[in-house]
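Shown next: entry28.txt, given as compact mmCIF, C-alpha atoms and all ligand atoms.
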```txt
# COMPACT_ATOMS: atom_id res chain seq x y z
CA GLU A 260 -9.45 -11.39 1.77
CA MET A 261 -9.87 -11.70 -2.02
CA GLU A 262 -10.69 -8.00 -2.30
CA VAL A 263 -7.67 -7.00 -0.19
CA MET A 264 -5.45 -9.12 -2.44
CA ILE A 265 -6.84 -7.43 -5.57
CA MET A 266 -6.37 -3.97 -4.09
CA ASP A 267 -2.77 -4.70 -3.05
CA ASN A 268 -1.93 -5.44 -6.67
CA CYS A 269 -4.02 -2.67 -8.17
CA ILE A 270 -2.04 0.08 -9.89
CA PHE A 271 -4.88 2.60 -9.62
CA CYS A 272 -5.33 1.93 -5.87
CA LYS A 273 -1.63 2.76 -5.57
CA ILE A 274 -2.03 6.01 -7.51
CA ALA A 275 -5.15 6.88 -5.44
CA SER A 276 -3.19 6.40 -2.20
CA HIS A 277 -0.07 8.21 -3.53
CA GLN A 278 2.06 5.05 -3.28
CA ILE A 279 3.05 5.59 -6.88
CA PRO A 280 3.12 8.97 -8.64
CA GLY A 281 0.67 10.24 -11.20
CA LYS A 282 0.25 13.53 -13.04
CA ILE A 283 -2.76 14.51 -10.96
CA LEU A 284 -5.11 17.14 -12.40
CA TYR A 285 -7.82 16.93 -9.75
CA GLU A 286 -8.28 15.20 -6.41
CA ASP A 287 -10.82 15.09 -3.59
CA ASP A 288 -11.85 12.55 -0.94
CA VAL A 289 -13.83 10.44 -3.41
CA CYS A 290 -11.98 10.51 -6.71
CA MET A 291 -8.96 11.59 -8.70
CA ALA A 292 -8.14 12.64 -12.26
CA PHE A 293 -4.66 12.02 -13.69
CA LEU A 294 -2.98 11.82 -17.08
CA ASP A 295 -3.12 8.44 -18.81
CA LEU A 296 0.47 7.32 -19.52
CA SER A 297 -0.41 6.30 -23.09
CA GLN A 298 -1.65 9.80 -24.15
CA THR A 299 -3.61 8.42 -27.09
CA THR A 300 -4.23 12.10 -27.74
CA ASN A 301 -2.66 15.01 -25.83
CA GLY A 302 -4.44 15.46 -22.50
CA HIS A 303 -5.83 11.89 -22.34
CA THR A 304 -7.00 11.67 -18.73
CA LEU A 305 -8.49 9.05 -16.41
CA VAL A 306 -10.99 9.72 -13.65
CA ILE A 307 -11.03 7.03 -10.95
CA PRO A 308 -12.79 6.51 -7.62
CA LYS A 309 -10.32 6.26 -4.73
CA LYS A 310 -12.15 3.17 -3.51
CA HIS A 311 -11.64 0.01 -5.57
CA TYR A 312 -14.61 -0.90 -7.77
CA GLN A 313 -14.16 -3.31 -10.67
CA HIS A 314 -16.18 -1.44 -13.31
CA VAL A 315 -19.12 0.86 -14.05
CA LEU A 316 -21.75 -1.66 -12.88
CA ASP A 317 -19.92 -2.16 -9.57
CA VAL A 318 -19.61 1.47 -8.45
CA ASP A 319 -22.32 3.07 -6.28
CA GLN A 320 -24.61 5.69 -7.79
CA GLU A 321 -23.44 8.58 -5.65
CA THR A 322 -19.77 8.02 -6.47
CA LEU A 323 -20.59 7.60 -10.17
CA GLY A 324 -22.55 10.86 -10.22
CA HIS A 325 -19.76 12.69 -8.51
CA MET A 326 -17.19 11.25 -10.92
CA MET A 327 -19.20 12.45 -13.92
CA SER A 328 -19.22 15.98 -12.52
CA VAL A 329 -15.43 15.73 -12.19
CA VAL A 330 -15.21 14.44 -15.79
CA GLN A 331 -17.10 17.55 -16.89
CA ARG A 332 -14.94 19.90 -14.83
CA VAL A 333 -11.60 18.40 -15.97
CA ALA A 334 -12.74 18.23 -19.61
CA CYS A 335 -13.60 21.95 -19.42
CA GLN A 336 -10.09 22.69 -18.15
CA ILE A 337 -8.46 20.59 -20.88
CA GLU A 338 -10.65 22.20 -23.54
CA GLU A 339 -9.54 25.66 -22.43
CA LYS A 340 -5.82 24.94 -22.03
CA MET A 341 -5.31 22.53 -24.95
CA ASN A 342 -7.68 24.11 -27.47
CA THR A 343 -9.52 20.82 -27.76
CA LYS A 344 -12.23 20.57 -30.44
CA GLY A 345 -14.20 17.72 -28.85
CA PHE A 346 -13.99 14.65 -26.57
CA ASN A 347 -14.78 10.98 -26.37
CA ILE A 348 -15.77 10.00 -22.83
CA VAL A 349 -15.33 6.23 -22.54
CA SER A 350 -15.37 3.49 -19.94
CA ASN A 351 -14.34 -0.03 -20.92
CA MET A 352 -16.00 -2.77 -18.87
CA ASN A 353 -14.40 -6.23 -18.75
CA GLU A 354 -11.72 -7.65 -21.02
CA VAL A 355 -14.14 -8.25 -23.92
CA ALA A 356 -14.55 -4.46 -24.08
CA GLY A 357 -10.83 -3.78 -23.72
CA GLN A 358 -10.60 -3.14 -19.97
CA SER A 359 -7.03 -3.87 -18.86
CA VAL A 360 -6.98 -2.25 -15.41
CA HIS A 361 -9.79 -3.67 -13.29
CA HIS A 362 -10.30 -0.60 -11.15
CA PHE A 363 -13.19 1.44 -12.54
CA HIS A 364 -12.09 4.44 -14.61
CA ILE A 365 -13.50 6.88 -17.11
CA HIS A 366 -11.31 7.94 -20.04
CA ILE A 367 -11.43 11.57 -21.13
CA ILE A 368 -10.05 11.56 -24.67
CA PRO A 369 -9.55 15.02 -26.15
CA ARG A 370 -10.09 15.27 -29.90
CA TYR A 371 -8.32 17.68 -32.22
CA GLN A 372 -9.18 16.30 -35.65
CA THR A 373 -11.20 13.42 -37.11
CA ASP A 374 -8.07 11.40 -37.92
CA ASP A 375 -6.62 11.60 -34.40
CA PRO A 376 -4.63 8.51 -33.27
CA PHE A 377 -7.81 7.57 -31.34
CA HIS A 378 -10.96 6.70 -33.23
CA ILE A 379 -14.19 4.99 -32.32
CA GLN A 380 -16.22 3.15 -34.94
CA TYR A 381 -19.95 2.52 -34.82
CA THR A 382 -20.50 0.08 -37.69
CA ASP A 383 -23.91 0.53 -39.33
CA ARG A 384 -25.57 -2.91 -39.14
CA SER A 385 -29.10 -1.59 -39.54
CA GLY A 386 -29.57 -3.59 -42.75
CA ASP A 387 -28.56 -6.86 -41.03
CA VAL A 388 -30.56 -6.78 -37.77
CA ASP A 389 -34.19 -6.71 -36.72
CA LEU A 390 -34.54 -3.77 -34.35
CA GLU A 391 -37.93 -4.93 -33.01
CA THR A 392 -36.54 -8.38 -32.03
CA ILE A 393 -33.64 -6.78 -30.18
CA TYR A 394 -35.98 -4.30 -28.50
CA GLN A 395 -38.33 -7.08 -27.30
CA GLN A 396 -35.39 -9.12 -26.01
CA ILE A 397 -34.22 -6.24 -23.84
CA ILE A 398 -37.59 -5.08 -22.47
CA ASP A 399 -39.15 -8.57 -21.86
P1 LIG B 1 -8.37 0.31 -19.92
O1 LIG B 1 -7.73 -0.37 -21.09
O2 LIG B 1 -9.70 0.94 -20.21
O3 LIG B 1 -8.42 -0.60 -18.70
O4 LIG B 1 -7.43 1.54 -19.58
C1 LIG B 1 -6.33 1.46 -18.75
C2 LIG B 1 -5.50 2.66 -19.03
O5 LIG B 1 -4.63 2.87 -17.92
C3 LIG B 1 -4.61 2.58 -20.28
O6 LIG B 1 -4.99 3.59 -21.19
C4 LIG B 1 -3.19 2.76 -19.73
O7 LIG B 1 -2.40 3.58 -20.58
C5 LIG B 1 -3.45 3.44 -18.40
N1 LIG B 1 -2.43 3.25 -17.37
C6 LIG B 1 -1.93 2.07 -16.93
N2 LIG B 1 -1.05 2.28 -15.92
C7 LIG B 1 -1.01 3.61 -15.71
C8 LIG B 1 -0.30 4.46 -14.82
N3 LIG B 1 0.55 3.97 -13.91
N4 LIG B 1 -0.50 5.80 -14.90
C9 LIG B 1 -1.36 6.30 -15.81
N5 LIG B 1 -2.07 5.56 -16.67
C10 LIG B 1 -1.89 4.24 -16.63
ZN ZN B 2 -7.93 -0.60 -7.28
```

Full structure transcribed into structure tokens:
Amino acid sequence: EMEVMIMDNCIFCKIASHQIPGKILYEDDVCMAFLDLSQTTNGHTLVIPKKHYQHVLDVDQETLGHMMSVVQRVACQIEEKMNTKGFNIVSNMNEVAGQSVHHFHIHIIPRYQTDDPFHIQYTDRSGDVDLETIYQQIID
């Protein structure tokens, strides 16, 4: 009953079932690609499974694989039509990582220049951490 309640209130479940409109670029039985309302850059698109999964660790492998092939296909189309120079392909998992809609989705963020309104920063902390300690922690 908990899951039904979540799905009833889920905006992406509603887009997937055509209860609310979206600018749909691709759709099949398993997933859908539609324009993100925010358009952090022109062509910013989301790929979602039609079935409700919370995040990337929740979705089954077959659906995830299929979604990545749709990401590739839609990104190719955007690249051609929008003259995109590159992409960031991102999925935020849980609020700590900035996830605001708890229905798994993959962002396709077209890039046109390095100072686009979207940027991603990988801080270099190599001087502050011990790589071997981190490595052992993960593989132990
Ligand atoms: P995240 O912060 O990773 O959970 O991303 C959620 C994204 O969904 C945001 O970029 C929102 O702009 C986008 N979004 C929310 N509601 C809608 C909607 N009805 N149609 C399209 N995009 C939406
Ligand atoms: Zn949902």

Within 9 Å of range 290-295 of chain A, which residues of range 315-366 of chain A come that close, and what is the closest atom pair and distance in Å for each? Count all atoms listed in the file and give it as CSV.
```
residue,atom,partner,partner_atom,distance
A:Thr322,CA,A:Cys290,CA,8.2
A:His325,CA,A:Cys290,CA,8.3
A:Met326,CA,A:Cys290,CA,6.7
A:Val329,CA,A:Ala292,CA,7.9
A:Val330,CA,A:Ala292,CA,8.1
A:Val333,CA,A:Ala292,CA,7.7
A:His366,CA,A:Asp295,CA,8.3
```

Review point. Pick the closest to ligand LIG 1 (chain B) from A:Ser385, A:Asn347, A:Ser297, A:Gln396: which is it, counting all atoms listed in the file?
Key: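 Looking only at the distances to ligand LIG 1 (chain B), the closest residue turns out to be A:Ser297.
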
Would you mind listing, for every residue of chain A within 6 Å of ligand ZN 2 (chain B), the two atoms forming the shortest contact and the distance between them in Å to one decimal, using all atoms listed in the file, sorted by chain and ascending residue number, as CSV?
```
residue,atom,partner,partner_atom,distance
A:Met266,CA,B:ZN2,ZN,4.9
A:Cys269,CA,B:ZN2,ZN,4.5
A:Phe271,CA,B:ZN2,ZN,5.0
A:Cys272,CA,B:ZN2,ZN,3.9
A:His311,CA,B:ZN2,ZN,4.1
A:His362,CA,B:ZN2,ZN,4.5
```

Residues from the last selection, C-alpha atoms, saved as a PDB file, keeping the file's coordinate frame:
```pdb
ATOM      1  CA  MET A 266      -6.370  -3.970  -4.090  1.00  0.00           C
ATOM      2  CA  CYS A 269      -4.020  -2.670  -8.170  1.00  0.00           C
ATOM      3  CA  PHE A 271      -4.880   2.600  -9.620  1.00  0.00           C
ATOM      4  CA  CYS A 272      -5.330   1.930  -5.870  1.00  0.00           C
ATOM      5  CA  HIS A 311     -11.640   0.010  -5.570  1.00  0.00           C
ATOM      6  CA  HIS A 362     -10.300  -0.600 -11.150  1.00  0.00           C
TER       7      HIS A 362
END
```

Practice item. Name each residue within 12 Å of ligand LIG 1 (chain B), counting all atoms listed in the file, as a PyMOL selection string. Key: chain A and resi 269-275+277-284+291-300+302-307+313-315+348-368+377

Practice item. May I ask for the distance between CA of Pro369 in chain A and CA of Asn301 in chain A, given in Å to one decimal place? Key: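 So the answer is 6.9 Å.
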
Exercise for review: Grab the CA of Leu316 in chain A to CA of Cys335 in chain A distance for me, in Å with one decimal place.
Suggested key: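 Pair CA of Leu316 in chain A / CA of Cys335 in chain A returns 25.8 Å.
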
**Study point:** Which of A:Tyr285, A:Asp374, A:Lys310, A:Val388 sits closest to Gln331 in chain A [using all atoms listed in the file]
**Key:**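 Selected residue with least distance to Gln331 in chain A: A:Tyr285.
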
Check your understanding: Any idea what the distance is between CA of Gln320 in chain A and CA of Phe346 in chain A?
Key -> 23.4 Å
